[in-house]
Amino acid sequence: MSTSYQDSAQTADTELHSPGSLLGADSTVTPTVSVVMPTMNEEEGIRECIQRAKNAIEAIDVTGEVIISDASEDQTPDIAREMGATVVEPDKPGYGYAYRYAFEQARGDYLVMGDADTTYDFEELPKLLALVREEGADIAMGSRLEGTIKPEAMPKLHQYVGNPLLTKFLNVFYDADVSDAHSGFRVFTREALTTLDLDTDGMEFASEMIMDAASKNLVIKEVPITYHPREGEAKLESFHDGWRHVKFMLVNAPGYLFSVPGMVIGILGALIMGLAYAGVSLFGQTFGIHSLIAGSLLTLLGYQVGSFGLLSATAGDPIRRPDDTLTEWAERYFTLERGVTFGAGLFLVGSTMAGILIWQWFQSRFTDLPLVSADIVAFTMIVLGIQTIFGSFFMYILSDT
């Protein structure tokens, strides 16, 4: 094809697809906005969603495209093509993968995501896009919980328990500061998409995007939206999908899952051990042998749980790395030799204490048993020393792979 012919073809295409129009997959014009909808048997709502997306693109007066990432067995893809949308078929299942697959096909400078079941009104797109184009947001979200939820649109369990609780967890763990973390109506820049490391395939994709964006200090802004009743059969499994979100948030924040609980348990255990060994009385009650045993067990448990946070940060690549002072110090200064030396020191002190107690017992011709409190302290130190030595080797292996 000659250059002049190509130029004339592109000019004709540009004239055909003026601002406010919907571009097809074969258009040579680069759209400003790409609207992506994942679908699985959404023939009851797909037509209305695409039409509303068209109306929004016309209202914004830009060129746009609608991409349907489809895994349907009904007429959804046929209706979508009839409406002028581009239909792609992901080669793997999953809500998150459907989005990621479609994002690779999208050409717009601004990407829009939303469900194709009429729950989100795509005619509200302009106010989300304005947050990104005019107010400096990297990601704009429509907040259902701060907007209007139509009757029968959301189960009460989700509205008053599930979504607020999951949002609270995400804000605490990842400092996201959002009101509706699992709203599926979002607009973001292509630069933001490039910055994010999105690799989940399931429903936890919604959490992953906000978690990763918050950890990378991207600007997230919200605007209230109206949430409508859905058309067609619901795909969400409340408890199963809710647990997937919680699990994903926890395993990607080992500081909250391991480090903080471990330190709290360990410090509490060591404090109880110290008070019991010293025979301190509190509120008229003396910490006795049973308290010493409990303190020993808590100390060992806290040490073990806390070490998992350090090992998780070393072995994996969590979205939110542990940022407590102890873990950061260990990550910076840990060497196998230092770990083994420290562990050996604990083991030596504990073994020396145990040896003295055994020698005293031997000297009494095995008639005077050693103090149980001293036994507990000695063997707690021995166990901690052994854990430290083997844990140091394990951490060295993980850091060296």
# chains A, B, ... in the order shown; residues from 1 in each chain; ligands from 1
>>> select_by_dssp(residues="region 125-243 of chain A", states="helix (DSSP H, G or I)", output="NGL selection string")
:A and (125-133 or 156-174 or 190-195 or 205-215 or 238-243)
>>> residues_around(residues="Asp199 (chain A)", least_positions_apart="6", cutoff="10 Å", atoms="only C-alpha atoms", output="PyMOL selection string")
chain A and resi 96-97+100+205+208-209
>>> residues_around(residues="Met40 (chain A)", least_positions_apart="5", cutoff="10 Å", atoms="only C-alpha atoms", output="list in words")
Ser69, Asp70, Ala71, Ser72, Glu73, Asp74, Thr76, Pro77, Tyr95, Ala116, Asp117, Glu233 and Lys235 of chain A
>>> write_last_selection(atoms="N, CA, C and O atoms", output="compact mmCIF listing (two decimals), in the first residue's frame")
# COMPACT_ATOMS: atom_id res chain seq x y z
N SER A 69 -14.57 -8.71 27.33
CA SER A 69 -13.70 -9.87 27.57
C SER A 69 -14.61 -11.03 27.95
O SER A 69 -15.06 -11.14 29.09
N ASP A 70 -14.88 -11.89 26.99
CA ASP A 70 -16.04 -12.78 27.09
C ASP A 70 -15.69 -14.25 27.30
O ASP A 70 -14.75 -14.78 26.70
N ALA A 71 -16.48 -14.89 28.18
CA ALA A 71 -16.40 -16.34 28.38
C ALA A 71 -17.82 -16.90 28.46
O ALA A 71 -18.14 -17.71 29.32
N SER A 72 -18.68 -16.42 27.58
CA SER A 72 -20.10 -16.75 27.64
C SER A 72 -20.45 -17.96 26.78
O SER A 72 -19.75 -18.31 25.83
N GLU A 73 -21.61 -18.54 27.13
CA GLU A 73 -22.19 -19.62 26.33
C GLU A 73 -23.55 -19.20 25.76
O GLU A 73 -24.22 -20.00 25.14
N ASP A 74 -23.96 -17.94 26.02
CA ASP A 74 -25.23 -17.44 25.50
C ASP A 74 -24.97 -16.45 24.36
O ASP A 74 -23.93 -16.50 23.71
N THR A 76 -24.35 -13.27 24.53
CA THR A 76 -23.64 -12.06 24.94
C THR A 76 -22.68 -11.54 23.88
O THR A 76 -22.73 -10.35 23.51
N PRO A 77 -21.75 -12.36 23.34
CA PRO A 77 -20.79 -11.81 22.37
C PRO A 77 -21.45 -11.33 21.08
O PRO A 77 -21.00 -10.34 20.49
N TYR A 95 -12.07 -13.94 36.70
CA TYR A 95 -12.48 -12.53 36.62
C TYR A 95 -11.27 -11.63 36.42
O TYR A 95 -11.27 -10.75 35.55
N ALA A 116 -20.76 -5.87 33.49
CA ALA A 116 -21.73 -5.77 32.40
C ALA A 116 -23.11 -6.29 32.82
O ALA A 116 -23.84 -6.84 32.00
N ASP A 117 -23.46 -6.13 34.08
CA ASP A 117 -24.73 -6.67 34.59
C ASP A 117 -25.70 -5.56 35.00
O ASP A 117 -26.66 -5.82 35.73
N GLU A 233 -28.13 -13.72 36.36
CA GLU A 233 -27.75 -14.51 37.54
C GLU A 233 -26.45 -13.99 38.15
O GLU A 233 -25.48 -13.71 37.45
N LYS A 235 -22.91 -14.03 39.97
CA LYS A 235 -21.77 -14.96 39.91
C LYS A 235 -20.99 -14.99 41.23
O LYS A 235 -20.19 -15.88 41.47
>>> closest_residue(among="A:Phe248, A:Tyr277, A:Tyr256, A:Phe390", to="Gly343 (chain A)", atoms="only C-alpha atoms")
A:Phe390
>>> residues_around(residues="region 167-183 of chain A", least_positions_apart="6", cutoff="6 Å", atoms="only C-alpha atoms", output="list in words")
Ser143, Ala206, Met211 and Ala214 of chain A
>>> residues_around(residues="Val112 (chain A)", least_positions_apart="2", cutoff="12 Å", atoms="only C-alpha atoms", output="NGL selection string")
:A and (32-38 or 53 or 56-57 or 64-68 or 99 or 102-103 or 106-110 or 114-115 or 120 or 122 or 124-126 or 128-129 or 132 or 139-142 or 184-190 or 193)
>>> atom_distance(atom1="CA of Gly162 (chain A)", atom2="CA of Leu111 (chain A)")
27.3 Å
>>> select_by_dssp(residues="region 132-292 of chain A", states="strand (DSSP E)", output="PyMOL selection string")
chain A and resi 139-149+186-189+220-227+281-282+285-286
>>> write_last_selection(atoms="N, CA and C atoms", output="PDB file, in the first residue's frame")
ATOM      1  N   ILE A 139      -5.947   6.754  39.802  1.00  0.00           N
ATOM      2  CA  ILE A 139      -7.080   5.833  39.753  1.00  0.00           C
ATOM      3  C   ILE A 139      -8.284   6.545  40.357  1.00  0.00           C
ATOM      4  N   ALA A 140      -9.416   6.487  39.646  1.00  0.00           N
ATOM      5  CA  ALA A 140     -10.678   7.025  40.164  1.00  0.00           C
ATOM      6  C   ALA A 140     -11.634   5.864  40.392  1.00  0.00           C
ATOM      7  N   MET A 141     -12.323   5.891  41.527  1.00  0.00           N
ATOM      8  CA  MET A 141     -13.250   4.816  41.876  1.00  0.00           C
ATOM      9  C   MET A 141     -14.633   5.383  42.175  1.00  0.00           C
ATOM     10  N   GLY A 142     -15.638   4.637  41.767  1.00  0.00           N
ATOM     11  CA  GLY A 142     -16.997   4.997  42.134  1.00  0.00           C
ATOM     12  C   GLY A 142     -17.348   4.349  43.465  1.00  0.00           C
ATOM     13  N   SER A 143     -17.695   5.145  44.453  1.00  0.00           N
ATOM     14  CA  SER A 143     -18.004   4.609  45.777  1.00  0.00           C
ATOM     15  C   SER A 143     -19.500   4.341  45.906  1.00  0.00           C
ATOM     16  N   ARG A 144     -19.829   3.067  46.051  1.00  0.00           N
ATOM     17  CA  ARG A 144     -21.226   2.683  46.263  1.00  0.00           C
ATOM     18  C   ARG A 144     -21.653   2.998  47.681  1.00  0.00           C
ATOM     19  N   LEU A 145     -20.755   2.757  48.639  1.00  0.00           N
ATOM     20  CA  LEU A 145     -21.093   2.900  50.045  1.00  0.00           C
ATOM     21  C   LEU A 145     -21.280   4.356  50.451  1.00  0.00           C
ATOM     22  N   GLU A 146     -20.666   5.290  49.695  1.00  0.00           N
ATOM     23  CA  GLU A 146     -20.875   6.699  49.971  1.00  0.00           C
ATOM     24  C   GLU A 146     -21.858   7.317  48.993  1.00  0.00           C
ATOM     25  N   GLY A 147     -22.375   6.501  48.082  1.00  0.00           N
ATOM     26  CA  GLY A 147     -23.355   6.960  47.120  1.00  0.00           C
ATOM     27  C   GLY A 147     -24.736   6.420  47.451  1.00  0.00           C
ATOM     28  N   THR A 148     -25.430   5.960  46.422  1.00  0.00           N
ATOM     29  CA  THR A 148     -26.787   5.437  46.589  1.00  0.00           C
ATOM     30  C   THR A 148     -26.840   3.985  46.153  1.00  0.00           C
ATOM     31  N   ILE A 149     -27.332   3.136  47.022  1.00  0.00           N
ATOM     32  CA  ILE A 149     -27.521   1.726  46.690  1.00  0.00           C
ATOM     33  C   ILE A 149     -29.010   1.482  46.557  1.00  0.00           C
ATOM     34  N   ARG A 186     -14.149   1.679  37.872  1.00  0.00           N
ATOM     35  CA  ARG A 186     -12.896   2.410  38.055  1.00  0.00           C
ATOM     36  C   ARG A 186     -12.391   2.975  36.736  1.00  0.00           C
ATOM     37  N   VAL A 187     -11.660   4.068  36.833  1.00  0.00           N
ATOM     38  CA  VAL A 187     -10.982   4.676  35.692  1.00  0.00           C
ATOM     39  C   VAL A 187      -9.537   4.917  36.100  1.00  0.00           C
ATOM     40  N   PHE A 188      -8.603   4.618  35.221  1.00  0.00           N
ATOM     41  CA  PHE A 188      -7.192   4.853  35.545  1.00  0.00           C
ATOM     42  C   PHE A 188      -6.411   5.128  34.279  1.00  0.00           C
ATOM     43  N   THR A 189      -5.253   5.715  34.456  1.00  0.00           N
ATOM     44  CA  THR A 189      -4.406   6.051  33.319  1.00  0.00           C
ATOM     45  C   THR A 189      -3.611   4.836  32.865  1.00  0.00           C
ATOM     46  N   ILE A 220      -5.299   7.793  44.599  1.00  0.00           N
ATOM     47  CA  ILE A 220      -6.617   7.187  44.418  1.00  0.00           C
ATOM     48  C   ILE A 220      -7.662   8.176  44.921  1.00  0.00           C
ATOM     49  N   LYS A 221      -8.634   8.491  44.068  1.00  0.00           N
ATOM     50  CA  LYS A 221      -9.732   9.366  44.463  1.00  0.00           C
ATOM     51  C   LYS A 221     -11.057   8.684  44.180  1.00  0.00           C
ATOM     52  N   GLU A 222     -12.084   9.098  44.938  1.00  0.00           N
ATOM     53  CA  GLU A 222     -13.400   8.482  44.806  1.00  0.00           C
ATOM     54  C   GLU A 222     -14.468   9.529  44.550  1.00  0.00           C
ATOM     55  N   VAL A 223     -15.569   9.061  43.984  1.00  0.00           N
ATOM     56  CA  VAL A 223     -16.741   9.892  43.797  1.00  0.00           C
ATOM     57  C   VAL A 223     -17.970   9.015  44.035  1.00  0.00           C
ATOM     58  N   PRO A 224     -18.997   9.515  44.710  1.00  0.00           N
ATOM     59  CA  PRO A 224     -20.188   8.696  44.956  1.00  0.00           C
ATOM     60  C   PRO A 224     -20.888   8.313  43.653  1.00  0.00           C
ATOM     61  N   ILE A 225     -21.385   7.091  43.586  1.00  0.00           N
ATOM     62  CA  ILE A 225     -22.132   6.620  42.423  1.00  0.00           C
ATOM     63  C   ILE A 225     -23.409   5.933  42.897  1.00  0.00           C
ATOM     64  N   THR A 226     -24.255   5.609  41.949  1.00  0.00           N
ATOM     65  CA  THR A 226     -25.480   4.869  42.235  1.00  0.00           C
ATOM     66  C   THR A 226     -25.294   3.413  41.813  1.00  0.00           C
ATOM     67  N   TYR A 227     -25.633   2.513  42.708  1.00  0.00           N
ATOM     68  CA  TYR A 227     -25.498   1.076  42.441  1.00  0.00           C
ATOM     69  C   TYR A 227     -26.892   0.501  42.203  1.00  0.00           C
ATOM     70  N   SER A 281       4.866  -9.705  92.927  1.00  0.00           N
ATOM     71  CA  SER A 281       3.433  -9.748  93.213  1.00  0.00           C
ATOM     72  C   SER A 281       2.749  -8.570  92.545  1.00  0.00           C
ATOM     73  N   LEU A 282       1.560  -8.815  92.020  1.00  0.00           N
ATOM     74  CA  LEU A 282       0.793  -7.783  91.350  1.00  0.00           C
ATOM     75  C   LEU A 282      -0.650  -7.892  91.802  1.00  0.00           C
ATOM     76  N   GLN A 285      -1.332 -10.771  93.995  1.00  0.00           N
ATOM     77  CA  GLN A 285      -1.140 -12.111  93.461  1.00  0.00           C
ATOM     78  C   GLN A 285       0.301 -12.286  92.989  1.00  0.00           C
ATOM     79  N   THR A 286       0.915 -13.383  93.384  1.00  0.00           N
ATOM     80  CA  THR A 286       2.289 -13.677  92.982  1.00  0.00           C
ATOM     81  C   THR A 286       2.294 -14.552  91.738  1.00  0.00           C
TER      82      THR A 286
END
>>> residues_around(residues="Gly288 (chain A)", least_positions_apart="5", cutoff="12 Å", atoms="only C-alpha atoms", output="PyMOL selection string")
chain A and resi 272-282+293-295+372-373
>>> atom_distance(atom1="CA of Met263 (chain A)", atom2="CA of Val305 (chain A)")
8.3 Å
>>> residues_around(residues="Phe393 (chain A)", least_positions_apart="2", cutoff="12 Å", atoms="only C-alpha atoms", output="list in words")
Leu311, Phe334, Thr335, Leu336, Glu337, Arg338, Gly339, Val340, Thr341, Gly343, Ile386, Gln387, Thr388, Ile389, Phe390, Gly391, Met395, Tyr396, Ile397, Leu398, Ser399 and Asp400 of chain A
>>> closest_residue(among="A:Gln363, A:Asn252, A:Pro155, A:Gln105", to="Ser312 (chain A)", atoms="only C-alpha atoms")
A:Asn252
>>> atom_distance(atom1="CA of Arg52 (chain A)", atom2="CA of Val88 (chain A)")
20.0 Å
